[in-house]
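my_file.cif follows (mmCIF, C-alpha atoms):
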data_entry
#
loop_
_atom_site.group_PDB
_atom_site.id
_atom_site.type_symbol
_atom_site.label_atom_id
_atom_site.label_comp_id
_atom_site.auth_asym_id
_atom_site.auth_seq_id
_atom_site.Cartn_x
_atom_site.Cartn_y
_atom_site.Cartn_z
ATOM 1 C CA MET H 1 98.348 126.192 163.096
ATOM 2 C CA LYS H 2 95.233 128.389 163.221
ATOM 3 C CA LYS H 3 97.417 131.434 162.582
ATOM 4 C CA THR H 4 98.929 129.801 159.474
ATOM 5 C CA ILE H 5 95.497 128.918 158.090
ATOM 6 C CA LEU H 6 94.280 132.460 158.767
ATOM 7 C CA LEU H 7 97.310 133.955 157.020
ATOM 8 C CA ALA H 8 96.837 131.636 154.023
ATOM 9 C CA ALA H 9 93.152 132.589 153.833
ATOM 10 C CA VAL H 10 93.979 136.310 153.933
ATOM 11 C CA PHE H 11 96.634 135.796 151.231
ATOM 12 C CA LEU H 12 94.185 133.890 148.999
ATOM 13 C CA MET H 13 91.505 136.542 149.486
ATOM 14 C CA SER H 14 93.932 139.310 148.553
ATOM 15 C CA LEU H 15 94.909 137.372 145.393
ATOM 16 C CA THR H 16 91.245 136.991 144.427
ATOM 17 C CA GLY H 17 90.672 140.696 145.007
ATOM 18 C CA PHE H 18 93.710 141.533 142.845
ATOM 19 C CA ALA H 19 92.371 139.359 139.985
ATOM 20 C CA GLN H 20 88.934 140.987 140.246
ATOM 21 C CA ASP H 21 90.517 144.443 140.139
ATOM 22 C CA ALA H 22 92.526 143.422 137.068
ATOM 23 C CA ASP H 23 89.356 142.185 135.340
ATOM 24 C CA ALA H 24 87.767 145.618 135.759
ATOM 25 C CA LEU H 25 89.502 146.585 132.510
ATOM 26 C CA VAL H 26 87.581 143.962 130.522
ATOM 27 C CA GLY H 27 84.757 145.458 128.475
ATOM 28 C CA VAL H 28 84.025 147.697 125.507
ATOM 29 C CA TRP H 29 85.422 151.231 125.614
ATOM 30 C CA GLU H 30 85.011 154.339 123.483
ATOM 31 C CA PRO H 31 88.023 156.628 122.903
ATOM 32 C CA GLY H 32 87.586 160.384 123.222
ATOM 33 C CA HIS H 33 87.304 160.985 119.460
ATOM 34 C CA GLY H 34 84.282 158.645 119.300
ATOM 35 C CA LYS H 35 85.412 157.187 115.958
ATOM 36 C CA ALA H 36 85.908 153.652 117.282
ATOM 37 C CA LYS H 37 84.958 151.198 119.997
ATOM 38 C CA VAL H 38 87.598 148.971 121.547
ATOM 39 C CA LYS H 39 86.945 145.674 123.295
ATOM 40 C CA ILE H 40 89.459 144.778 125.986
ATOM 41 C CA ASP H 41 89.941 141.102 126.836
ATOM 42 C CA GLN H 42 92.340 139.003 128.847
ATOM 43 C CA ILE H 43 94.493 136.434 127.031
ATOM 44 C CA ASP H 44 96.595 134.307 129.387
ATOM 45 C CA ASP H 45 97.791 136.749 132.036
ATOM 46 C CA LYS H 46 97.739 139.968 129.994
ATOM 47 C CA PHE H 47 95.175 142.375 128.576
ATOM 48 C CA TYR H 48 94.560 143.232 124.920
ATOM 49 C CA GLY H 49 92.152 145.565 123.152
ATOM 50 C CA LYS H 50 90.874 145.397 119.608
ATOM 51 C CA ILE H 51 88.702 147.653 117.487
ATOM 52 C CA VAL H 52 85.218 146.157 117.233
ATOM 53 C CA TRP H 53 83.387 149.114 115.700
ATOM 54 C CA LEU H 54 84.337 152.005 113.464
ATOM 55 C CA LYS H 55 82.225 155.096 112.834
ATOM 56 C CA GLU H 56 83.486 155.067 109.241
ATOM 57 C CA PRO H 57 84.248 151.407 108.535
ATOM 58 C CA ASN H 58 84.916 151.945 104.820
ATOM 59 C CA ASP H 59 87.742 153.806 103.139
ATOM 60 C CA PRO H 60 86.133 156.825 101.355
ATOM 61 C CA ASP H 61 88.593 156.409 98.441
ATOM 62 C CA THR H 62 87.856 152.752 97.726
ATOM 63 C CA GLY H 63 84.505 152.090 99.387
ATOM 64 C CA GLU H 64 86.087 148.937 100.828
ATOM 65 C CA PRO H 65 86.629 148.210 104.552
ATOM 66 C CA LYS H 66 89.477 150.260 105.999
ATOM 67 C CA LEU H 67 92.840 148.476 106.104
ATOM 68 C CA ASP H 68 96.015 149.024 108.093
ATOM 69 C CA LYS H 69 97.607 150.773 105.108
ATOM 70 C CA ASN H 70 100.123 152.702 107.239
ATOM 71 C CA ASN H 71 101.663 149.576 108.786
ATOM 72 C CA PRO H 72 105.459 149.700 108.457
ATOM 73 C CA ASP H 73 105.396 146.002 107.452
ATOM 74 C CA LYS H 74 104.076 146.122 103.872
ATOM 75 C CA SER H 75 103.111 142.437 103.965
ATOM 76 C CA MET H 76 100.549 143.242 106.684
ATOM 77 C CA GLN H 77 98.973 146.366 105.162
ATOM 78 C CA ASP H 78 95.898 144.408 104.080
ATOM 79 C CA VAL H 79 94.890 143.631 107.656
ATOM 80 C CA PRO H 80 91.410 145.088 108.291
ATOM 81 C CA LEU H 81 91.176 147.832 110.909
ATOM 82 C CA ARG H 82 87.952 146.426 112.285
ATOM 83 C CA GLY H 83 89.222 143.685 114.555
ATOM 84 C CA TYR H 84 92.657 145.254 114.811
ATOM 85 C CA ARG H 85 94.368 144.678 118.159
ATOM 86 C CA ILE H 86 95.627 148.160 119.066
ATOM 87 C CA LEU H 87 96.250 147.592 122.795
ATOM 88 C CA LYS H 88 98.740 144.862 123.648
ATOM 89 C CA ASP H 89 100.461 143.172 126.565
ATOM 90 C CA PHE H 90 99.107 145.139 129.526
ATOM 91 C CA GLU H 91 99.845 143.797 132.994
ATOM 92 C CA TYR H 92 97.897 144.797 136.075
ATOM 93 C CA LYS H 93 100.096 146.561 138.621
ATOM 94 C CA GLY H 94 97.461 147.227 141.282
ATOM 95 C CA ASP H 95 95.659 150.454 142.241
ATOM 96 C CA GLY H 96 93.791 150.548 138.917
ATOM 97 C CA VAL H 97 96.937 150.790 136.784
ATOM 98 C CA TRP H 98 97.904 148.573 133.832
ATOM 99 C CA GLU H 99 101.419 148.968 132.406
ATOM 100 C CA GLU H 100 104.059 147.335 130.186
ATOM 101 C CA GLY H 101 101.721 147.557 127.197
ATOM 102 C CA THR H 102 101.627 149.370 123.881
ATOM 103 C CA ILE H 103 99.059 151.270 121.842
ATOM 104 C CA TYR H 104 99.056 151.364 118.046
ATOM 105 C CA ASP H 105 97.956 154.453 116.145
ATOM 106 C CA PRO H 106 96.667 153.179 112.782
ATOM 107 C CA GLU H 107 96.506 156.711 111.361
ATOM 108 C CA LYS H 108 100.287 157.040 111.708
ATOM 109 C CA GLY H 109 101.277 153.369 111.654
ATOM 110 C CA GLU H 110 103.197 153.903 114.889
ATOM 111 C CA THR H 111 103.272 152.042 118.199
ATOM 112 C CA TYR H 112 103.751 153.804 121.522
ATOM 113 C CA ASP H 113 104.383 152.658 125.070
ATOM 114 C CA CYS H 114 101.210 153.065 127.059
ATOM 115 C CA VAL H 115 99.858 153.111 130.594
ATOM 116 C CA ILE H 116 96.178 152.717 131.449
ATOM 117 C CA THR H 117 94.749 154.197 134.641
ATOM 118 C CA MET H 118 91.189 153.534 135.740
ATOM 119 C CA LYS H 119 89.730 156.812 136.994
ATOM 120 C CA ASP H 120 86.446 155.192 137.956
ATOM 121 C CA GLU H 121 84.745 151.982 136.841
ATOM 122 C CA ASN H 122 83.541 153.627 133.616
ATOM 123 C CA THR H 123 86.468 155.928 132.786
ATOM 124 C CA LEU H 124 90.000 155.180 131.653
ATOM 125 C CA ASP H 125 92.971 157.461 131.225
ATOM 126 C CA ILE H 126 95.045 156.123 128.330
ATOM 127 C CA ARG H 127 98.502 157.667 128.118
ATOM 128 C CA GLY H 128 100.720 156.944 125.130
ATOM 129 C CA TYR H 129 104.373 157.977 125.203
ATOM 130 C CA ILE H 130 107.799 157.346 123.769
ATOM 131 C CA GLY H 131 110.393 156.552 126.405
ATOM 132 C CA VAL H 132 109.316 158.954 129.172
ATOM 133 C CA LYS H 133 105.735 159.063 130.470
ATOM 134 C CA THR H 134 105.958 162.805 131.139
ATOM 135 C CA PHE H 135 106.214 163.573 127.426
ATOM 136 C CA GLY H 136 103.165 161.625 126.354
ATOM 137 C CA ARG H 137 99.605 162.330 125.346
ATOM 138 C CA SER H 138 96.506 161.249 127.242
ATOM 139 C CA ASP H 139 93.007 160.396 126.138
ATOM 140 C CA THR H 140 89.908 159.603 128.152
ATOM 141 C CA TRP H 141 87.991 156.465 127.240
ATOM 142 C CA ARG H 142 84.496 155.720 128.475
ATOM 143 C CA ARG H 143 82.947 152.314 129.080
ATOM 144 C CA LEU H 144 80.291 151.637 126.480
ATOM 145 C CA LYS H 145 77.828 149.940 128.772
ATOM 146 C CA MET H 146 77.541 151.240 132.284
ATOM 147 C CA LYS H 147 77.846 148.614 134.963
ATOM 148 C CA LYS H 148 74.735 147.940 136.967
ATOM 149 C CA LYS H 149 75.086 149.107 140.527
ATOM 150 C CA MET D 1 156.724 150.663 107.325
ATOM 151 C CA LYS D 2 153.337 151.943 108.454
ATOM 152 C CA ILE D 3 151.691 150.245 105.483
ATOM 153 C CA LYS D 4 153.375 146.955 106.438
ATOM 154 C CA TYR D 5 151.967 147.122 110.001
ATOM 155 C CA PHE D 6 148.565 148.097 108.660
ATOM 156 C CA CYS D 7 148.517 145.096 106.284
ATOM 157 C CA LEU D 8 149.616 142.786 109.099
ATOM 158 C CA ALA D 9 146.860 144.081 111.388
ATOM 159 C CA LEU D 10 144.306 143.728 108.614
ATOM 160 C CA ALA D 11 145.374 140.136 107.949
ATOM 161 C CA PHE D 12 145.158 139.354 111.674
ATOM 162 C CA VAL D 13 141.650 140.807 111.998
ATOM 163 C CA SER D 14 140.487 138.911 108.898
ATOM 164 C CA LEU D 15 141.917 135.665 110.261
ATOM 165 C CA LEU D 16 140.263 136.289 113.618
ATOM 166 C CA SER D 17 136.848 136.995 112.118
ATOM 167 C CA VAL D 18 137.012 133.847 109.961
ATOM 168 C CA SER D 19 138.100 131.681 112.885
ATOM 169 C CA CYS D 20 135.405 133.128 115.200
ATOM 170 C CA SER D 21 132.474 132.955 112.781
ATOM 171 C CA VAL D 22 130.279 129.931 113.271
ATOM 172 C CA GLU D 23 128.366 128.537 110.362
ATOM 173 C CA THR D 24 124.647 128.022 110.825
ATOM 174 C CA GLU D 25 122.195 125.674 109.194
ATOM 175 C CA SER D 26 118.448 125.771 108.850
ATOM 176 C CA HIS D 27 116.022 123.221 110.319
ATOM 177 C CA LEU D 28 112.250 123.151 109.991
ATOM 178 C CA VAL D 29 110.250 122.283 113.102
ATOM 179 C CA GLU D 30 106.541 121.438 112.919
ATOM 180 C CA THR D 31 104.258 121.957 115.874
ATOM 181 C CA PRO D 32 101.760 119.189 116.557
ATOM 182 C CA ILE D 33 98.262 119.900 115.260
ATOM 183 C CA LEU D 34 96.874 122.424 117.719
ATOM 184 C CA LYS D 35 93.242 123.186 118.464
ATOM 185 C CA LEU D 36 92.648 126.855 117.723
ATOM 186 C CA LYS D 37 89.433 127.381 119.629
ATOM 187 C CA ALA D 38 86.924 130.227 119.691
ATOM 188 C CA VAL D 39 84.354 130.034 122.443
ATOM 189 C CA GLY D 40 80.747 130.904 121.646
ATOM 190 C CA PRO D 41 78.579 132.819 121.668
ATOM 191 C CA MET D 42 80.139 134.932 118.950
ATOM 192 C CA PHE D 43 78.733 137.989 117.269
ATOM 193 C CA GLU D 44 79.163 139.649 113.905
ATOM 194 C CA GLY D 45 82.603 141.192 113.491
ATOM 195 C CA SER D 46 85.953 140.251 114.914
ATOM 196 C CA ASN D 47 86.174 137.173 117.141
ATOM 197 C CA THR D 48 89.179 135.481 118.678
ATOM 198 C CA ALA D 49 90.397 131.888 118.718
ATOM 199 C CA THR D 50 93.413 130.767 120.749
ATOM 200 C CA ALA D 51 95.696 127.741 120.945
ATOM 201 C CA SER D 52 98.582 127.006 123.293
ATOM 202 C CA TRP D 53 101.664 124.962 122.491
ATOM 203 C CA GLU D 54 103.818 123.758 125.373
ATOM 204 C CA PHE D 55 107.072 121.972 124.635
ATOM 205 C CA ASN D 56 110.598 121.269 125.773
ATOM 206 C CA ILE D 57 112.917 123.438 123.682
ATOM 207 C CA ASN D 58 115.693 120.854 123.845
ATOM 208 C CA SER D 59 113.380 118.287 122.256
ATOM 209 C CA LEU D 60 112.609 120.360 119.155
ATOM 210 C CA LEU D 61 115.570 118.951 117.239
ATOM 211 C CA SER D 62 117.606 115.791 117.612
ATOM 212 C CA GLU D 63 119.688 115.224 120.738
ATOM 213 C CA GLU D 64 122.827 116.664 119.181
ATOM 214 C CA PHE D 65 121.352 120.173 119.387
ATOM 215 C CA SER D 66 120.496 122.121 122.500
ATOM 216 C CA SER D 67 118.755 125.485 122.798
ATOM 217 C CA GLU D 68 122.171 127.140 123.167
ATOM 218 C CA ASP D 69 122.844 126.262 119.530
ATOM 219 C CA PHE D 70 119.737 128.136 118.339
ATOM 220 C CA LYS D 71 120.693 131.439 116.731
ATOM 221 C CA ASP D 72 117.459 132.638 115.168
ATOM 222 C CA ALA D 73 113.938 131.519 114.386
ATOM 223 C CA ARG D 74 111.196 132.551 111.972
ATOM 224 C CA ILE D 75 107.689 131.407 111.258
ATOM 225 C CA HIS D 76 107.965 129.518 107.975
ATOM 226 C CA GLU D 77 104.416 128.331 107.393
ATOM 227 C CA LEU D 78 100.990 128.656 109.013
ATOM 228 C CA LYS D 79 98.219 126.239 108.103
ATOM 229 C CA ILE D 80 94.669 126.035 109.369
ATOM 230 C CA VAL D 81 92.033 123.398 108.630
ATOM 231 C CA THR D 82 88.374 124.190 109.204
ATOM 232 C CA PRO D 83 85.964 121.622 110.697
ATOM 233 C CA GLU D 84 83.504 119.548 108.649
ATOM 234 C CA ASP D 85 80.575 120.925 110.643
ATOM 235 C CA GLN D 86 77.621 121.661 108.348
ATOM 236 C CA ASP D 87 76.653 124.587 110.559
ATOM 237 C CA PHE D 88 80.043 126.242 110.127
ATOM 238 C CA PRO D 89 79.269 129.984 110.021
ATOM 239 C CA LYS D 90 80.240 132.406 107.276
ATOM 240 C CA MET D 91 83.497 134.142 108.043
ATOM 241 C CA ASN D 92 86.413 135.745 106.307
ATOM 242 C CA LYS D 93 89.956 136.988 106.888
ATOM 243 C CA MET D 94 92.041 135.685 109.748
ATOM 244 C CA VAL D 95 94.918 137.546 111.363
ATOM 245 C CA MET D 96 97.302 135.319 113.315
ATOM 246 C CA GLU D 97 99.437 136.574 116.190
ATOM 247 C CA MET D 98 101.611 134.844 118.757
ATOM 248 C CA LYS D 99 102.817 135.581 122.272
ATOM 249 C CA SER D 100 104.633 133.948 125.131
ATOM 250 C CA LYS D 101 105.192 134.805 128.770
ATOM 251 C CA TYR D 102 108.060 137.210 128.086
ATOM 252 C CA THR D 103 107.309 138.357 124.536
ATOM 253 C CA SER D 104 104.797 140.839 123.167
ATOM 254 C CA MET D 105 101.959 139.732 120.965
ATOM 255 C CA ASN D 106 103.374 139.883 117.437
ATOM 256 C CA ARG D 107 101.558 139.474 114.158
ATOM 257 C CA ILE D 108 102.782 136.506 112.150
ATOM 258 C CA GLY D 109 100.246 135.844 109.415
ATOM 259 C CA LEU D 110 97.183 136.822 107.450
ATOM 260 C CA LEU D 111 94.540 134.916 105.503
ATOM 261 C CA GLU D 112 92.675 137.111 103.030
ATOM 262 C CA GLU D 113 89.714 135.092 101.811
ATOM 263 C CA ASN D 114 86.377 133.688 102.843
ATOM 264 C CA ILE D 115 86.861 130.792 105.235
ATOM 265 C CA GLN D 116 84.706 127.758 104.467
ATOM 266 C CA GLN D 117 84.026 124.440 106.189
ATOM 267 C CA ASN D 118 86.281 121.422 105.699
ATOM 268 C CA ARG D 119 89.037 123.300 103.904
ATOM 269 C CA SER D 120 92.755 123.764 104.396
ATOM 270 C CA TYR D 121 94.320 127.216 104.188
ATOM 271 C CA SER D 122 97.878 128.528 104.224
ATOM 272 C CA LEU D 123 98.225 131.959 105.727
ATOM 273 C CA LYS D 124 100.503 134.624 104.267
ATOM 274 C CA VAL D 125 103.460 134.820 106.650
ATOM 275 C CA ALA D 126 104.562 138.268 107.869
ATOM 276 C CA ASP D 127 107.818 139.564 106.395
ATOM 277 C CA LYS D 128 108.702 141.324 109.631
ATOM 278 C CA GLN D 129 108.843 138.928 112.560
ATOM 279 C CA GLU D 130 110.009 139.677 116.066
ATOM 280 C CA GLU D 131 110.988 137.630 119.109
ATOM 281 C CA VAL D 132 110.215 134.184 117.656
ATOM 282 C CA LEU D 133 113.359 132.657 119.163
ATOM 283 C CA LYS D 134 112.708 134.391 122.492
ATOM 284 C CA ALA D 135 109.172 132.983 122.518
ATOM 285 C CA LEU D 136 110.532 129.477 121.844
ATOM 286 C CA LYS D 137 112.822 129.853 124.835
ATOM 287 C CA ASP D 138 109.748 130.472 127.020
ATOM 288 C CA GLU D 139 108.612 126.919 126.075
ATOM 289 C CA LYS D 140 104.959 127.922 125.831
ATOM 290 C CA ILE D 141 103.493 129.884 122.938
ATOM 291 C CA THR D 142 99.927 131.096 122.582
ATOM 292 C CA PHE D 143 98.678 131.531 119.017
ATOM 293 C CA VAL D 144 95.820 133.997 118.609
ATOM 294 C CA GLY D 145 93.641 134.006 115.475
ATOM 295 C CA ASP D 146 91.204 136.872 114.903
ATOM 296 C CA PHE D 147 88.573 136.199 112.256
ATOM 297 C CA ASP D 148 85.637 138.197 110.951
ATOM 298 C CA LEU D 149 82.281 136.528 111.580
ATOM 299 C CA LEU D 150 79.843 137.513 108.842
ATOM 300 C CA GLU D 151 76.745 136.170 110.573
ATOM 301 C CA GLU D 152 74.833 138.121 113.175
ATOM 302 C CA GLU D 153 75.493 135.544 115.883
ATOM 303 C CA TYR D 154 76.774 132.014 116.391
ATOM 304 C CA TYR D 155 76.281 130.164 119.656
ATOM 305 C CA GLU D 156 78.592 127.144 119.307
ATOM 306 C CA ASP D 157 82.349 126.905 119.862
ATOM 307 C CA ILE D 158 84.570 126.644 116.767
ATOM 308 C CA SER D 159 87.794 124.634 116.643
ATOM 309 C CA PHE D 160 90.254 125.004 113.783
ATOM 310 C CA ASP D 161 93.256 122.717 113.369
ATOM 311 C CA LEU D 162 96.404 124.816 113.411
ATOM 312 C CA GLN D 163 99.877 123.710 112.438
ATOM 313 C CA VAL D 164 102.878 126.017 112.453
ATOM 314 C CA VAL D 165 106.223 125.348 110.798
ATOM 315 C CA ILE D 166 109.156 127.201 112.330
ATOM 316 C CA GLU D 167 112.530 127.662 110.693
ATOM 317 C CA LEU D 168 115.335 127.356 113.228
ATOM 318 C CA MET D 169 118.828 128.607 112.457
ATOM 319 C CA VAL D 170 121.307 126.601 114.515
ATOM 320 C CA ASN D 171 125.057 126.390 114.809
ATOM 321 C CA LYS D 172 126.465 123.673 112.580
ATOM 322 C CA GLN D 173 127.640 120.665 114.564
#
Using the file provided, produce a representation of the structure as structure tokens.
Amino acid sequence: MKKTILLAAVFLMSLTGFAQDADALVGVWEPGHGKAKVKIDQIDDKFYGKIVWLKEPNDPDTGEPKLDKNNPDKSMQDVPLRGYRILKDFEYKGDGVWEEGTIYDPEKGETYDCVITMKDENTLDIRGYIGVKTFGRSDTWRRLKMKKK
Amino acid sequence: MKIKYFCLALAFVSLLSVSCSVETESHLVETPILKLKAVGPMFEGSNTATASWEFNINSLLSEEFSSEDFKDARIHELKIVTPEDQDFPKMNKMVMEMKSKYTSMNRIGLLEENIQQNRSYSLKVADKQEEVLKALKDEKITFVGDFDLLEEEYYEDISFDLQVVIELMVNKQ
């Protein structure tokens, strides 16, 4: 009986640890180009990231807020880029890796498969690819606010 | 002779395709009024409100239809109603997306105007829709509304009423 309780406790503790590790992705991150800031949140059991700040929020041609004008769905080209959810559907796989998600490139209007790897608590490796991970492109994102130690 | 066989084969294929095709009909299904809730504090810029709808797929239509009869589904209409609250903050534009356990988050609608208290709005429904039927088969859908808060900060929660009308294409009985 004691053994069963001990095993259950260990199992529960490992689950809690897994959830805490998964939550490490939550926060505001800055891509390598520094033109945007992306806030990553959890909705249900998956992780999503949306643009919360743009270095150039307005379209230089119109002076109006930038829109998703390259979206392949014309009915959605008026969606503002600030607030745009560019990271979608990431699941935590353990060992600081989130997979099964996609990243949207608003400059091209294209969506890529994506894997996120946490290098340390303030650095992410974001790798976008089509089909095979090997033939992708990586970017380093930095956490906007350093965690207190 | 060859032409005769060709014509016979053609007639057979035509007959087969007619006999195998199943006619479908369209039904509109309304969700109950859902609480699309954003939890405060919120800050200027994009904020998120969510609502979940859990249901039994076989109860969406009358008993004569089961989920196996469902051939396709599309979002037909998206309506939100804002609360009467006098302190309702200034906000504009709402982008609506939906997801389920086994579907990606897909954009389904857009509202392009200032959002005011105690008003009803119909969102523009996306032309391109993906995985709506698959999401229905998961029997739980989360609707996600992103809106732009125009005030510096707002410390209360906000609840919108959300109702979604879904067009279901089903095999004719």
Can you write out as a Markdown table which residues of chain D fall within 12 Å of chain H, alongside each residue's closest atom pair and its distance in Å to one decimal, counting only C-alpha atoms and ordering rows by chain and ascending residue number?
| residue | atom | partner | partner_atom | distance |
| --- | --- | --- | --- | --- |
| D:Phe43 | CA | H:Val52 | CA | 10.4 |
| D:Glu44 | CA | H:Val52 | CA | 9.5 |
| D:Gly45 | CA | H:Val52 | CA | 6.7 |
| D:Ser46 | CA | H:Gly83 | CA | 4.8 |
| D:Asn47 | CA | H:Gly83 | CA | 7.6 |
| D:Thr48 | CA | H:Gly83 | CA | 9.2 |
| D:Ala49 | CA | H:Ile43 | CA | 10.3 |
| D:Thr50 | CA | H:Ile43 | CA | 8.5 |
| D:Ala51 | CA | H:Ile43 | CA | 10.7 |
| D:Ser52 | CA | H:Asp44 | CA | 9.7 |
| D:Asn92 | CA | H:Pro80 | CA | 10.8 |
| D:Lys93 | CA | H:Val79 | CA | 8.3 |
| D:Met94 | CA | H:Val79 | CA | 8.7 |
| D:Val95 | CA | H:Val79 | CA | 7.1 |
| D:Met96 | CA | H:Val79 | CA | 10.3 |
| D:Glu97 | CA | H:Arg85 | CA | 9.8 |
| D:Met98 | CA | H:Ile43 | CA | 11.0 |
| D:Lys99 | CA | H:Asp89 | CA | 9.0 |
| D:Ser100 | CA | H:Asp44 | CA | 9.1 |
| D:Lys101 | CA | H:Asp45 | CA | 8.3 |
| D:Tyr102 | CA | H:Asp89 | CA | 9.8 |
| D:Thr103 | CA | H:Asp89 | CA | 8.6 |
| D:Ser104 | CA | H:Asp89 | CA | 6.0 |
| D:Met105 | CA | H:Lys88 | CA | 6.6 |
| D:Asn106 | CA | H:Lys88 | CA | 9.2 |
| D:Arg107 | CA | H:Met76 | CA | 8.4 |
| D:Ile108 | CA | H:Met76 | CA | 9.0 |
| D:Gly109 | CA | H:Met76 | CA | 7.9 |
| D:Leu110 | CA | H:Val79 | CA | 7.2 |
| D:Leu111 | CA | H:Val79 | CA | 9.0 |
| D:Glu112 | CA | H:Asp78 | CA | 8.0 |
| D:Glu113 | CA | H:Asp78 | CA | 11.4 |
| D:Leu123 | CA | H:Met76 | CA | 11.6 |
| D:Lys124 | CA | H:Ser75 | CA | 8.2 |
| D:Val125 | CA | H:Ser75 | CA | 8.1 |
| D:Ala126 | CA | H:Ser75 | CA | 5.9 |
| D:Asp127 | CA | H:Ser75 | CA | 6.0 |
| D:Lys128 | CA | H:Asp73 | CA | 6.1 |
| D:Gln129 | CA | H:Asp73 | CA | 9.4 |
| D:Glu130 | CA | H:Asp73 | CA | 11.6 |
| D:Lys140 | CA | H:Asp44 | CA | 11.1 |
| D:Ile141 | CA | H:Asp44 | CA | 10.4 |
| D:Thr142 | CA | H:Asp44 | CA | 8.2 |
| D:Phe143 | CA | H:Ile43 | CA | 10.3 |
| D:Val144 | CA | H:Ile43 | CA | 8.9 |
| D:Gly145 | CA | H:Gly83 | CA | 10.7 |
| D:Asp146 | CA | H:Gly83 | CA | 7.1 |
| D:Phe147 | CA | H:Gly83 | CA | 7.9 |
| D:Asp148 | CA | H:Gly83 | CA | 7.5 |
| D:Leu149 | CA | H:Gly83 | CA | 10.4 |
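If you count only C-alpha atoms and draw a sphere of 7 Å around (100.8, 159.6, 122.4), the protein and nucleic acid residues inside it come out as Tyr112, Arg127, Gly128, Tyr129, Gly136, Arg137 and Ser138 of chain H.
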For this session: Please identify all polymer residues within 12 Å of Ile126 in chain H, counting only C-alpha atoms, omitting same-chain residues fewer than 4 positions from it, and present them as a list in words.
Result: Leu25, Trp29, Glu30, Pro31, Gly32, Leu87, Phe90, Val97, Trp98, Glu99, Gly101, Thr102, Ile103, Tyr112, Asp113, Cys114, Val115, Ile116, Thr117, Met118, Lys119, Lys133, Gly136, Arg137, Ser138, Asp139, Thr140, Trp141 and Arg142 of chain H
Exercise. On this structure, which residues satisfy the PyMOL selection byres ((chain H and resi 56-66) around 6), written as a ChimeraX atom specification?
Worked result: /H:54-55,67,80-81
Protein/DNA/RNA residues near (109.5, 129.4, 125.1), cut 9 Å, all atoms listed in the file, as a PDB file with C-alpha atoms, in the frame of the given file:
ATOM      1  CA  GLU D  54     103.818 123.758 125.373  1.00  0.00           C
ATOM      2  CA  PHE D  55     107.072 121.972 124.635  1.00  0.00           C
ATOM      3  CA  ASN D  56     110.598 121.269 125.773  1.00  0.00           C
ATOM      4  CA  ILE D  57     112.917 123.438 123.682  1.00  0.00           C
ATOM      5  CA  SER D 100     104.633 133.948 125.131  1.00  0.00           C
ATOM      6  CA  LYS D 101     105.192 134.805 128.770  1.00  0.00           C
ATOM      7  CA  TYR D 102     108.060 137.210 128.086  1.00  0.00           C
ATOM      8  CA  VAL D 132     110.215 134.184 117.656  1.00  0.00           C
ATOM      9  CA  LEU D 133     113.359 132.657 119.163  1.00  0.00           C
ATOM     10  CA  LYS D 134     112.708 134.391 122.492  1.00  0.00           C
ATOM     11  CA  ALA D 135     109.172 132.983 122.518  1.00  0.00           C
ATOM     12  CA  LEU D 136     110.532 129.477 121.844  1.00  0.00           C
ATOM     13  CA  LYS D 137     112.822 129.853 124.835  1.00  0.00           C
ATOM     14  CA  ASP D 138     109.748 130.472 127.020  1.00  0.00           C
ATOM     15  CA  GLU D 139     108.612 126.919 126.075  1.00  0.00           C
ATOM     16  CA  LYS D 140     104.959 127.922 125.831  1.00  0.00           C
ATOM     17  CA  ILE D 141     103.493 129.884 122.938  1.00  0.00           C
TER      18      ILE D 141
END
Kindly list the centre and edge lengths in Å, rounded to one decimal, for the axis-aligned box that covers all listed atoms of range 80-83 of chain H plus 6 Å on each of its six sides, as AutoDock Vina command-line options.
--center_x 89.7 --center_y 145.8 --center_z 111.4 --size_x 15.5 --size_y 16.1 --size_z 18.3
Exercise. Quick one: which residues end up in the PyMOL selection byres ((chain H and resi 106) around 10) for this structure, as number ranges by chain?
Worked result: H: 67-71, 81, 84, 86, 103-105, 107-111
Exercise. Can you list what the PyMOL selection byres ((chain D and resi 76-80) around 6) grabs from this structure, as a PyMOL selection string?
Worked result: chain D and resi 74-75+81+120-123+161-167
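With only C-alpha atoms as the atoms that count, the minimum distance from Tyr155 in chain D to the choices D:Glu131, D:Asp87, D:Glu64, D:Glu30 is reached by D:Asp87.
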Exercise. Hey, can you check how far CA of Gly27 in chain H sits from CA of Ile40 in chain H?
Worked result: 5.4 Å
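Atom pair CA of Gln42 in chain H / CA of Val39 in chain D: separated by 13.6 Å.
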